[in-house]
file input_17.txt (compact mmCIF, C-alpha atoms)
# COMPACT_ATOMS: atom_id res chain seq x y z
CA MET Y 52 -5.21 -15.09 -28.78
CA THR Y 53 -5.42 -14.37 -25.05
CA SER Y 54 -7.23 -16.85 -22.84
CA TYR Y 55 -9.15 -15.57 -19.83
CA THR Y 56 -10.45 -17.09 -16.62
CA LEU Y 57 -12.39 -15.87 -13.59
CA ASN Y 58 -10.46 -13.70 -11.15
CA PRO Y 59 -9.38 -16.18 -8.44
CA HIS Y 60 -9.57 -13.49 -5.73
CA LEU Y 61 -13.30 -12.94 -6.23
CA ARG Y 62 -16.36 -14.98 -5.26
CA PHE Y 63 -19.21 -15.49 -7.70
CA LEU Y 64 -22.78 -16.22 -6.60
CA ARG Y 65 -25.37 -17.06 -9.23
CA ARG Y 66 -28.68 -15.38 -8.40
CA THR Y 67 -30.49 -15.87 -11.73
CA ASP Y 68 -29.44 -16.69 -15.27
CA ASP Y 69 -28.93 -12.94 -15.81
CA GLU Y 70 -27.60 -11.86 -12.40
CA VAL Y 71 -24.35 -12.76 -10.64
CA LEU Y 72 -23.25 -11.32 -7.31
CA ILE Y 73 -19.48 -10.70 -7.24
CA SER Y 74 -17.57 -9.96 -4.06
CA ARG Y 75 -14.21 -10.51 -2.37
CA GLY Y 76 -15.75 -11.66 0.90
CA SER Y 77 -18.71 -11.48 3.23
CA ARG Y 78 -17.89 -7.98 4.46
CA SER Y 79 -15.82 -6.71 1.56
CA ILE Y 80 -16.20 -3.17 0.24
CA HIS Y 81 -15.54 -4.62 -3.22
CA SER Y 82 -18.97 -5.99 -4.14
CA GLU Y 83 -21.22 -5.57 -7.17
CA LEU Y 84 -24.17 -7.13 -8.92
CA LEU Y 85 -23.43 -7.99 -12.54
CA ARG Y 86 -26.64 -7.99 -14.54
CA ASP Y 87 -27.64 -8.56 -18.18
CA ASP Y 88 -30.46 -6.05 -18.61
CA ALA Y 89 -31.29 -7.49 -22.02
CA GLY Y 90 -32.30 -10.75 -20.36
CA GLY Y 91 -30.35 -13.03 -22.65
CA GLY Y 92 -30.27 -15.77 -20.02
CA VAL Y 93 -26.61 -16.70 -20.63
CA LEU Y 94 -24.59 -14.37 -18.36
CA ALA Y 95 -24.32 -16.79 -15.44
CA ASP Y 96 -23.55 -19.70 -17.76
CA LEU Y 97 -20.87 -17.65 -19.50
CA LEU Y 98 -19.12 -16.89 -16.21
CA GLU Y 99 -19.44 -20.54 -15.24
CA ARG Y 100 -17.69 -21.47 -18.51
CA LEU Y 101 -14.86 -19.08 -17.63
CA ARG Y 102 -14.00 -21.04 -14.50
CA THR Y 103 -11.63 -22.77 -16.89
CA PRO Y 104 -9.51 -20.71 -19.32
CA ALA Y 105 -11.01 -19.86 -22.70
CA ASP Y 106 -10.23 -17.41 -25.48
CA ALA Y 107 -12.70 -15.50 -27.67
CA GLN Y 108 -12.82 -18.26 -30.29
CA ALA Y 109 -13.55 -20.99 -27.73
CA LEU Y 110 -16.28 -18.86 -26.12
CA THR Y 111 -17.84 -18.11 -29.50
CA GLU Y 112 -18.06 -21.84 -30.23
CA TRP Y 113 -19.51 -22.42 -26.75
CA ALA Y 114 -22.16 -19.73 -27.35
CA ARG Y 115 -23.20 -21.29 -30.67
CA GLU Y 116 -23.78 -24.62 -28.94
CA HIS Y 117 -25.31 -23.53 -25.61
CA ALA Y 118 -27.06 -20.28 -26.54
CA PRO Y 119 -27.87 -20.43 -30.26
CA GLY Y 120 -30.56 -17.76 -29.98
CA ALA Y 121 -28.43 -15.23 -28.06
CA ARG Y 122 -26.62 -12.45 -29.86
CA LEU Y 123 -23.29 -12.16 -28.08
CA ASP Y 124 -20.36 -10.01 -29.13
CA ILE Y 125 -17.85 -12.23 -27.35
CA PRO Y 126 -14.77 -10.00 -27.83
CA ALA Y 127 -16.71 -7.00 -26.47
CA VAL Y 128 -18.02 -9.04 -23.52
CA LEU Y 129 -14.51 -10.27 -22.67
CA ALA Y 130 -13.10 -6.75 -22.93
CA HIS Y 131 -15.82 -5.46 -20.58
CA LEU Y 132 -15.26 -8.22 -18.02
CA ALA Y 133 -11.49 -7.81 -18.18
CA GLY Y 134 -11.78 -4.04 -17.75
CA LYS Y 135 -13.76 -4.58 -14.55
CA GLY Y 136 -11.25 -7.16 -13.27
CA ILE Y 137 -13.87 -9.92 -13.27
CA VAL Y 138 -11.79 -12.05 -15.62
CA VAL Y 139 -8.00 -12.04 -15.87
CA PRO Y 140 -5.54 -13.47 -18.39
CA ALA Y 141 -4.95 -17.16 -17.76
CA GLY Y 142 -1.61 -17.71 -16.08
CA ALA Y 143 -1.38 -14.12 -14.77
CA ASP Y 144 0.74 -13.57 -11.69
CA PRO Y 145 -1.63 -14.19 -8.72
CA ALA Y 146 0.06 -11.49 -6.65
CA HIS Y 147 -0.35 -8.91 -9.42
CA THR Y 148 -3.98 -9.96 -9.89
CA HIS Y 149 -4.56 -9.49 -6.16
CA LEU Y 150 -2.92 -6.07 -6.32
CA ARG Y 151 -5.23 -4.94 -9.10
CA THR Y 152 -8.27 -6.44 -7.33
CA VAL Y 153 -7.63 -4.65 -4.04
CA PHE Y 154 -6.43 -1.38 -5.61
CA PRO Y 155 -8.26 -1.12 -8.95
CA ALA Y 156 -6.92 1.56 -11.26
CA PRO Y 157 -9.30 3.85 -13.17
CA ALA Y 158 -9.76 3.00 -16.83
CA GLY Y 159 -6.77 4.08 -18.87
CA THR Y 160 -4.48 4.49 -15.87
CA PRO Y 161 -1.05 2.94 -16.52
CA GLU Y 162 0.51 0.44 -14.14
CA PRO Y 163 2.77 1.87 -11.40
CA SER Y 164 6.26 1.74 -12.86
CA VAL Y 165 8.07 3.85 -10.30
CA PRO Y 166 11.38 2.87 -8.70
CA VAL Y 167 10.95 2.02 -5.01
CA THR Y 168 14.02 2.20 -2.78
CA VAL Y 169 14.25 0.32 0.51
CA VAL Y 170 16.90 1.84 2.78
CA GLY Y 171 18.23 -0.38 5.55
CA ASP Y 172 20.81 -2.98 6.53
CA GLY Y 173 18.92 -5.17 8.98
CA ALA Y 174 16.36 -7.94 9.12
CA LEU Y 175 13.37 -5.62 8.73
CA ALA Y 176 14.71 -4.10 5.50
CA ALA Y 177 15.39 -7.58 4.10
CA THR Y 178 11.84 -8.64 4.97
CA VAL Y 179 10.35 -5.56 3.30
CA VAL Y 180 12.35 -6.18 0.12
CA ARG Y 181 11.30 -9.82 0.01
CA GLN Y 182 7.61 -9.03 0.54
CA LEU Y 183 7.64 -6.17 -1.96
CA SER Y 184 9.20 -8.40 -4.60
CA ALA Y 185 6.44 -10.98 -4.04
CA SER Y 186 3.59 -8.43 -3.87
CA GLY Y 187 2.95 -8.15 -7.61
CA LEU Y 188 4.53 -4.71 -7.76
CA THR Y 189 7.43 -5.85 -9.95
CA ALA Y 190 5.00 -7.63 -12.28
CA ALA Y 191 3.26 -4.26 -12.64
CA GLY Y 192 6.50 -2.76 -13.95
CA ALA Y 193 7.93 -1.18 -10.79
CA THR Y 194 11.49 -1.75 -9.65
CA VAL Y 195 12.58 -2.47 -6.09
CA ARG Y 196 16.04 -1.27 -5.17
CA GLU Y 197 18.05 -1.72 -1.98
CA ALA Y 198 20.31 0.91 -0.41
CA PRO Y 199 22.45 0.71 2.74
CA LEU Y 200 21.88 3.04 5.66
CA PRO Y 201 23.97 6.19 5.20
CA ALA Y 202 25.62 8.13 7.99
CA PRO Y 203 23.41 11.00 9.22
CA ASP Y 204 25.84 13.61 7.88
CA GLU Y 205 26.40 11.80 4.56
CA VAL Y 206 22.92 11.20 3.12
CA PRO Y 207 23.30 11.33 -0.69
CA GLU Y 208 20.79 13.45 -2.59
CA GLU Y 209 20.32 10.74 -5.23
CA LEU Y 210 18.96 8.38 -2.57
CA PHE Y 211 15.67 10.29 -2.84
CA ALA Y 212 16.04 12.19 -6.11
CA GLY Y 213 16.23 8.97 -8.13
CA ALA Y 214 13.27 7.24 -6.46
CA GLY Y 215 9.51 7.48 -6.72
CA PHE Y 216 9.07 6.30 -3.14
CA VAL Y 217 11.49 5.46 -0.32
CA VAL Y 218 10.93 3.07 2.58
CA VAL Y 219 13.36 3.48 5.49
CA ALA Y 220 13.35 0.22 7.47
CA LEU Y 221 15.25 0.18 10.77
CA ASP Y 222 15.65 -2.60 13.32
CA ARG Y 223 15.81 0.10 16.00
CA PRO Y 224 15.01 3.83 15.92
CA ASP Y 225 17.64 6.37 14.96
CA SER Y 226 16.25 9.87 15.40
CA THR Y 227 19.31 11.68 14.04
CA LEU Y 228 19.35 9.61 10.85
CA LEU Y 229 15.61 9.96 10.31
CA HIS Y 230 15.84 13.75 10.54
CA ALA Y 231 18.73 13.79 8.08
CA LEU Y 232 16.70 11.63 5.69
CA ASN Y 233 13.69 13.92 6.20
CA ASP Y 234 15.73 16.97 5.19
CA THR Y 235 16.98 15.22 2.06
CA ALA Y 236 13.49 14.03 1.12
CA LEU Y 237 12.14 17.57 1.50
CA ARG Y 238 14.77 18.92 -0.88
CA GLY Y 239 14.08 16.17 -3.42
CA LYS Y 240 10.30 16.34 -2.84
CA THR Y 241 10.22 12.54 -2.66
CA PRO Y 242 7.48 10.65 -0.76
CA TRP Y 243 8.87 8.35 1.90
CA MET Y 244 7.82 6.27 4.89
CA PRO Y 245 9.73 5.17 8.00
CA VAL Y 246 9.10 1.74 9.48
CA TYR Y 247 11.03 0.58 12.53
CA PHE Y 248 11.05 -1.34 15.78
CA ASP Y 249 11.29 0.53 19.07
CA GLY Y 250 11.78 -2.29 21.52
CA GLY Y 251 8.54 -4.28 21.64
CA GLU Y 252 6.72 -1.80 19.42
CA GLY Y 253 6.64 -1.79 15.64
CA VAL Y 254 5.97 1.61 14.05
CA VAL Y 255 4.73 1.92 10.45
CA GLY Y 256 4.48 5.38 8.91
CA PRO Y 257 3.39 7.99 8.56
CA THR Y 258 3.72 8.41 4.80
CA HIS Y 259 5.50 11.74 4.30
CA VAL Y 260 4.65 13.56 1.06
CA PRO Y 261 6.73 16.79 0.92
CA GLY Y 262 4.56 19.84 0.45
CA GLU Y 263 1.33 17.95 1.13
CA SER Y 264 1.60 16.15 4.47
CA ALA Y 265 3.35 16.53 7.81
CA CYS Y 266 7.07 15.86 7.78
CA HIS Y 267 9.02 13.65 10.18
CA LEU Y 268 9.89 16.52 12.52
CA GLU Y 269 6.20 17.26 13.05
CA PHE Y 270 5.56 13.55 13.69
CA GLU Y 271 8.31 13.38 16.29
CA LEU Y 272 7.22 16.56 18.04
CA LEU Y 273 3.67 15.24 18.27
CA THR Y 274 4.96 11.92 19.59
CA ASP Y 275 7.04 13.63 22.29
CA SER Y 276 4.09 15.72 23.40
CA SER Y 277 1.97 12.63 24.02
CA VAL Y 278 4.49 10.48 25.90
CA GLY Y 279 4.83 10.39 29.67
CA PHE Y 280 8.28 10.50 31.27
CA ASN Y 281 9.48 12.67 28.42
CA GLY Y 282 12.93 13.06 29.89
CA HIS Y 283 13.48 9.30 29.80
CA VAL Y 284 12.35 9.18 26.18
CA LEU Y 285 14.84 11.88 25.16
CA GLU Y 286 17.66 10.15 27.06
CA LEU Y 287 16.96 6.87 25.28
CA ARG Y 288 16.62 8.55 21.90
CA HIS Y 289 19.84 10.53 21.98
CA GLY Y 290 22.04 8.41 24.25
CA ALA Y 291 24.99 7.15 22.24
CA ASP Y 292 25.24 4.04 24.43
CA ALA Y 293 21.48 3.42 24.77
CA TYR Y 294 21.72 0.19 22.78
CA GLY Y 295 23.72 -2.97 23.20
CA PRO Y 296 24.47 -5.41 20.39
CA THR Y 297 21.97 -5.20 17.54
CA ALA Y 298 19.26 -7.88 17.71
CA ALA Y 299 16.43 -8.21 15.23
CA ALA Y 300 12.82 -8.67 16.30
CA PRO Y 301 11.37 -12.21 16.12
CA ALA Y 302 10.56 -13.38 12.63
CA HIS Y 303 6.78 -13.35 13.12
CA GLN Y 304 6.89 -9.72 14.28
CA LEU Y 305 9.05 -8.77 11.30
CA GLU Y 306 6.46 -10.29 8.95
CA ILE Y 307 3.56 -8.42 10.59
CA VAL Y 308 5.19 -4.99 10.60
CA SER Y 309 6.71 -5.39 7.15
CA GLY Y 310 3.40 -6.63 5.75
CA LEU Y 311 1.53 -3.51 6.84
CA ALA Y 312 4.33 -1.31 5.48
CA VAL Y 313 4.06 -3.05 2.09
CA GLU Y 314 0.26 -2.67 2.09
CA ALA Y 315 0.59 1.05 2.89
CA LEU Y 316 3.10 1.52 0.07
CA LEU Y 317 0.89 -0.29 -2.44
CA ALA Y 318 -2.09 1.84 -1.42
CA HIS Y 319 -0.05 5.00 -1.91
CA LEU Y 320 1.16 3.97 -5.37
CA ALA Y 321 -2.41 3.05 -6.36
CA GLY Y 322 -3.61 6.48 -5.30
CA GLY Y 323 -5.49 5.23 -2.27
CA GLU Y 324 -3.35 6.98 0.36
CA ARG Y 325 -4.98 4.86 3.02
CA ILE Y 326 -3.58 3.33 6.22
CA THR Y 327 -0.60 5.66 6.82
CA ALA Y 328 -1.71 8.90 5.15
CA ALA Y 329 -1.08 11.48 7.91
CA ARG Y 330 -1.09 8.58 10.36
CA ALA Y 331 1.30 6.16 12.00
CA VAL Y 332 0.27 2.66 13.02
CA ARG Y 333 1.88 1.26 16.18
CA PHE Y 334 1.96 -2.45 17.01
CA ASP Y 335 2.58 -2.89 20.73
CA PHE Y 336 3.59 -6.54 20.98
CA GLU Y 337 4.16 -6.28 24.75
CA ARG Y 338 0.54 -5.31 25.43
CA MET Y 339 -0.96 -6.89 22.28
CA GLU Y 340 -2.45 -3.56 21.20
CA ILE Y 341 -2.66 -1.62 17.94
CA ASP Y 342 -2.75 2.16 18.13
CA TYR Y 343 -3.26 4.79 15.43
CA GLN Y 344 -1.46 8.11 15.75
CA ASP Y 345 -2.83 10.90 13.57
CA VAL Y 346 -0.30 13.57 12.64
CA MET Y 347 -1.13 17.26 12.32
CA ARG Y 348 0.90 19.93 10.58
CA LEU Y 349 2.49 22.77 12.50
CA PRO Y 350 1.83 26.33 11.26
CA ARG Y 351 5.57 27.11 11.39
CA CYS Y 352 7.41 23.79 11.10
CA PRO Y 353 11.19 24.50 11.14
CA ALA Y 354 11.83 21.69 8.65
CA CYS Y 355 9.10 21.91 5.99
CA GLY Y 356 7.53 25.30 6.83
CA PRO Y 357 9.65 27.23 4.30
CA GLN Y 358 8.11 25.15 1.49
CA ARG Y 359 4.62 26.46 2.29
CA ALA Y 360 2.91 29.76 1.67
CA PRO Y 361 3.68 32.38 4.35
CA TYR Y 362 1.60 32.01 7.48
CA ARG Y 363 -1.12 34.63 7.79
CA ASN Y 364 -2.87 35.66 10.97
CA PRO Y 365 -6.55 34.66 10.55
CA PHE Y 366 -7.66 37.99 12.09
CA LEU Y 367 -5.82 40.19 9.60
call {"tool": "encode", "arguments": {"input": "input_17.txt", "output": "structure tokens"}}
result
Amino acid sequence: MTSYTLNPHLRFLRRTDDEVLISRGSRSIHSELLRDDAGGGVLADLLERLRTPADAQALTEWAREHAPGARLDIPAVLAHLAGKGIVVPAGADPAHTHLRTVFPAPAGTPEPSVPVTVVGDGALAATVVRQLSASGLTAAGATVREAPLPAPDEVPEELFAGAGFVVVALDRPDSTLLHALNDTALRGKTPWMPVYFDGGEGVVGPTHVPGESACHLEFELLTDSSVGFNGHVLELRHGADAYGPTAAAPAHQLEIVSGLAVEALLAHLAGGERITAARAVRFDFERMEIDYQDVMRLPRCPACGPQRAPYRNPFL
């Protein structure tokens, strides 16, 4: 028989015997008032009892002793509380519990069991893999796979075709490779997200969903149009000798950028599509600034335009 306990990621405030305020934090969007409309007077005490693990039999015995006049269907109450994420199985993985608390799935929705591929050879890719493995995603049934960076002209189709989501993590930008990966993702219709360091700036996203969102070419064109000294940017991007020996970003910067990438991926798999949906997040560590870059779709994108319906003049 399964034992349950209160969700450790939630806060419980007793208002009356029949009302308990439940929230993640002072300003959290996850907040609700749990109320016993029948006025049995035992709801708050029941939740207090569940601060320590108990199964249905133990709770039934507790109810007989502490609330002999109350008519409680303990298994039904436990099922209701568990369905709302208020109680969790005792000993459950804390990371998985946090994942389900932040990104609650609708009733009956299965856990995300998709294969996630992290492409990269450097320190950022290793950090993303480590954080993903500790995020609760694997406890939910998903698999995290690692793949080395391919050459731009040798990107295998199965890199995207065999994955539910792909994260491309680079210690420094590689425009040619990213465009080659974009073309392969478009053919395989696989969602993917670039995350990389460009000097003192960490770039996360956008999340590219072929056929639904802007592709990487549209993101790069928009970026070029908003940068001053455009000629310098193009020289740095395409210069074969623009980089010296490879050096990873400091460990604390790797953790910050990788952490947001993991959060964006989890939100996408949970159906939230927040953070990097049609948007890139830029951490400028030199200026200590965070910028958000919204990405628009081009009417005739050379890369992903052929996958859309033919463009029609709005005046015809």
call {"tool": "closest_atom_pairs", "arguments": {"input": "input_17.txt", "of": "range 96-184 of chain Y", "to": "range 190-199 of chain Y", "cutoff": "9 Å", "atoms": "all atoms listed in the file", "output": "JSON lines"}}
result
{"residue": "Y:Asp144", "atom": "CA", "partner": "Y:Ala190", "partner_atom": "CA", "distance": 7.3}
{"residue": "Y:Ala146", "atom": "CA", "partner": "Y:Ala190", "partner_atom": "CA", "distance": 8.4}
{"residue": "Y:His147", "atom": "CA", "partner": "Y:Ala190", "partner_atom": "CA", "distance": 6.2}
{"residue": "Y:Glu162", "atom": "CA", "partner": "Y:Ala191", "partner_atom": "CA", "distance": 5.6}
{"residue": "Y:Pro163", "atom": "CA", "partner": "Y:Ala193", "partner_atom": "CA", "distance": 6.0}
{"residue": "Y:Ser164", "atom": "CA", "partner": "Y:Ala193", "partner_atom": "CA", "distance": 3.9}
{"residue": "Y:Val165", "atom": "CA", "partner": "Y:Ala193", "partner_atom": "CA", "distance": 5.1}
{"residue": "Y:Pro166", "atom": "CA", "partner": "Y:Thr194", "partner_atom": "CA", "distance": 4.7}
{"residue": "Y:Val167", "atom": "CA", "partner": "Y:Val195", "partner_atom": "CA", "distance": 4.9}
{"residue": "Y:Thr168", "atom": "CA", "partner": "Y:Arg196", "partner_atom": "CA", "distance": 4.7}
{"residue": "Y:Val169", "atom": "CA", "partner": "Y:Glu197", "partner_atom": "CA", "distance": 5.0}
{"residue": "Y:Val170", "atom": "CA", "partner": "Y:Ala198", "partner_atom": "CA", "distance": 4.8}
{"residue": "Y:Gly171", "atom": "CA", "partner": "Y:Pro199", "partner_atom": "CA", "distance": 5.2}
{"residue": "Y:Asp172", "atom": "CA", "partner": "Y:Pro199", "partner_atom": "CA", "distance": 5.5}
{"residue": "Y:Ala176", "atom": "CA", "partner": "Y:Glu197", "partner_atom": "CA", "distance": 8.5}
{"residue": "Y:Ala177", "atom": "CA", "partner": "Y:Glu197", "partner_atom": "CA", "distance": 8.9}
{"residue": "Y:Val180", "atom": "CA", "partner": "Y:Val195", "partner_atom": "CA", "distance": 7.2}
{"residue": "Y:Leu183", "atom": "CA", "partner": "Y:Val195", "partner_atom": "CA", "distance": 7.4}
{"residue": "Y:Ser184", "atom": "CA", "partner": "Y:Val195", "partner_atom": "CA", "distance": 7.0}
call {"tool": "atom_distance", "arguments": {"input": "input_17.txt", "atom1": "CA of Leu98 in chain Y", "atom2": "CA of Ala118 in chain Y"}}
result
13.5 Å
call {"tool": "residues_around", "arguments": {"input": "input_17.txt", "residues": "range 242-250 of chain Y", "least_positions_apart": "2", "cutoff": "7 Å", "atoms": "only C-alpha atoms", "output": "list in words"}}
result
Phe216, Val217, Val218, Val219, Ala220, Leu221, Asp222, Arg223, Pro224, Lys240, Glu252, Gly253, Val254, Val255, Gly256, Pro257, Thr258, His259, Val260, Pro261 and Ala312 of chain Y
call {"tool": "residues_around", "arguments": {"input": "input_17.txt", "residues": "Ala130 in chain Y", "least_positions_apart": "3", "cutoff": "12 Å", "atoms": "all atoms listed in the file", "output": "PyMOL selection string"}}
result
chain Y and resi 53-55+106-107+124-127+133-140+158
call {"tool": "residues_around", "arguments": {"input": "input_17.txt", "residues": "Glu208 in chain Y", "least_positions_apart": "3", "cutoff": "9 Å", "atoms": "all atoms listed in the file", "output": "CSV table (one decimal) with C-alpha atoms, in the coordinates of the input"}}
result
chain,number,residue,atom,x,y,z
Y,211,PHE,CA,15.7,10.3,-2.8
Y,212,ALA,CA,16.0,12.2,-6.1
Y,213,GLY,CA,16.2,9.0,-8.1
Y,235,THR,CA,17.0,15.2,2.1
Y,236,ALA,CA,13.5,14.0,1.1
Y,238,ARG,CA,14.8,18.9,-0.9
Y,239,GLY,CA,14.1,16.2,-3.4
call {"tool": "build_atoms", "arguments": {"input": "input_17.txt", "residues": "range 164-179 of chain Y", "atoms": "N, CA, C and O atoms", "output": "mmCIF file, in the coordinates of the input"}}
result
data_model
loop_
_atom_site.group_PDB
_atom_site.id
_atom_site.type_symbol
_atom_site.label_atom_id
_atom_site.label_comp_id
_atom_site.auth_asym_id
_atom_site.auth_seq_id
_atom_site.Cartn_x
_atom_site.Cartn_y
_atom_site.Cartn_z
ATOM 1 N N SER Y 164 4.930 2.167 -12.411
ATOM 2 C CA SER Y 164 6.260 1.740 -12.860
ATOM 3 C C SER Y 164 7.363 2.558 -12.199
ATOM 4 O O SER Y 164 8.399 2.806 -12.787
ATOM 5 N N VAL Y 165 7.111 3.004 -10.978
ATOM 6 C CA VAL Y 165 8.070 3.850 -10.300
ATOM 7 C C VAL Y 165 9.151 3.012 -9.634
ATOM 8 O O VAL Y 165 8.923 1.859 -9.263
ATOM 9 N N PRO Y 166 10.351 3.559 -9.477
ATOM 10 C CA PRO Y 166 11.380 2.870 -8.700
ATOM 11 C C PRO Y 166 11.135 3.070 -7.205
ATOM 12 O O PRO Y 166 10.917 4.187 -6.751
ATOM 13 N N VAL Y 167 11.127 1.990 -6.461
ATOM 14 C CA VAL Y 167 10.950 2.020 -5.010
ATOM 15 C C VAL Y 167 12.263 1.627 -4.363
ATOM 16 O O VAL Y 167 12.830 0.579 -4.680
ATOM 17 N N THR Y 168 12.747 2.463 -3.462
ATOM 18 C CA THR Y 168 14.020 2.200 -2.780
ATOM 19 C C THR Y 168 13.741 1.828 -1.332
ATOM 20 O O THR Y 168 13.004 2.523 -0.634
ATOM 21 N N VAL Y 169 14.335 0.739 -0.889
ATOM 22 C CA VAL Y 169 14.250 0.320 0.510
ATOM 23 C C VAL Y 169 15.619 0.570 1.138
ATOM 24 O O VAL Y 169 16.622 -0.020 0.728
ATOM 25 N N VAL Y 170 15.651 1.460 2.117
ATOM 26 C CA VAL Y 170 16.900 1.840 2.780
ATOM 27 C C VAL Y 170 16.986 1.090 4.103
ATOM 28 O O VAL Y 170 16.084 1.197 4.942
ATOM 29 N N GLY Y 171 18.053 0.349 4.305
ATOM 30 C CA GLY Y 171 18.230 -0.380 5.550
ATOM 31 C C GLY Y 171 19.204 -1.512 5.406
ATOM 32 O O GLY Y 171 19.424 -2.022 4.302
ATOM 33 N N ASP Y 172 19.801 -1.915 6.529
ATOM 34 C CA ASP Y 172 20.810 -2.980 6.530
ATOM 35 C C ASP Y 172 20.370 -4.206 7.327
ATOM 36 O O ASP Y 172 21.068 -5.216 7.322
ATOM 37 N N GLY Y 173 19.271 -4.118 8.041
ATOM 38 C CA GLY Y 173 18.920 -5.170 8.980
ATOM 39 C C GLY Y 173 17.873 -6.143 8.481
ATOM 40 O O GLY Y 173 17.521 -6.189 7.296
ATOM 41 N N ALA Y 174 17.337 -6.897 9.444
ATOM 42 C CA ALA Y 174 16.360 -7.940 9.120
ATOM 43 C C ALA Y 174 15.037 -7.351 8.620
ATOM 44 O O ALA Y 174 14.394 -7.930 7.749
ATOM 45 N N LEU Y 175 14.630 -6.209 9.163
ATOM 46 C CA LEU Y 175 13.370 -5.620 8.730
ATOM 47 C C LEU Y 175 13.450 -5.166 7.282
ATOM 48 O O LEU Y 175 12.516 -5.387 6.495
ATOM 49 N N ALA Y 176 14.551 -4.535 6.894
ATOM 50 C CA ALA Y 176 14.710 -4.100 5.500
ATOM 51 C C ALA Y 176 14.702 -5.294 4.561
ATOM 52 O O ALA Y 176 14.074 -5.249 3.487
ATOM 53 N N ALA Y 177 15.369 -6.381 4.946
ATOM 54 C CA ALA Y 177 15.390 -7.580 4.100
ATOM 55 C C ALA Y 177 13.990 -8.163 3.950
ATOM 56 O O ALA Y 177 13.610 -8.634 2.872
ATOM 57 N N THR Y 178 13.197 -8.117 5.025
ATOM 58 C CA THR Y 178 11.840 -8.640 4.970
ATOM 59 C C THR Y 178 10.966 -7.774 4.064
ATOM 60 O O THR Y 178 10.149 -8.296 3.279
ATOM 61 N N VAL Y 179 11.120 -6.457 4.153
ATOM 62 C CA VAL Y 179 10.350 -5.560 3.300
ATOM 63 C C VAL Y 179 10.677 -5.795 1.826
ATOM 64 O O VAL Y 179 9.772 -5.868 0.978
#
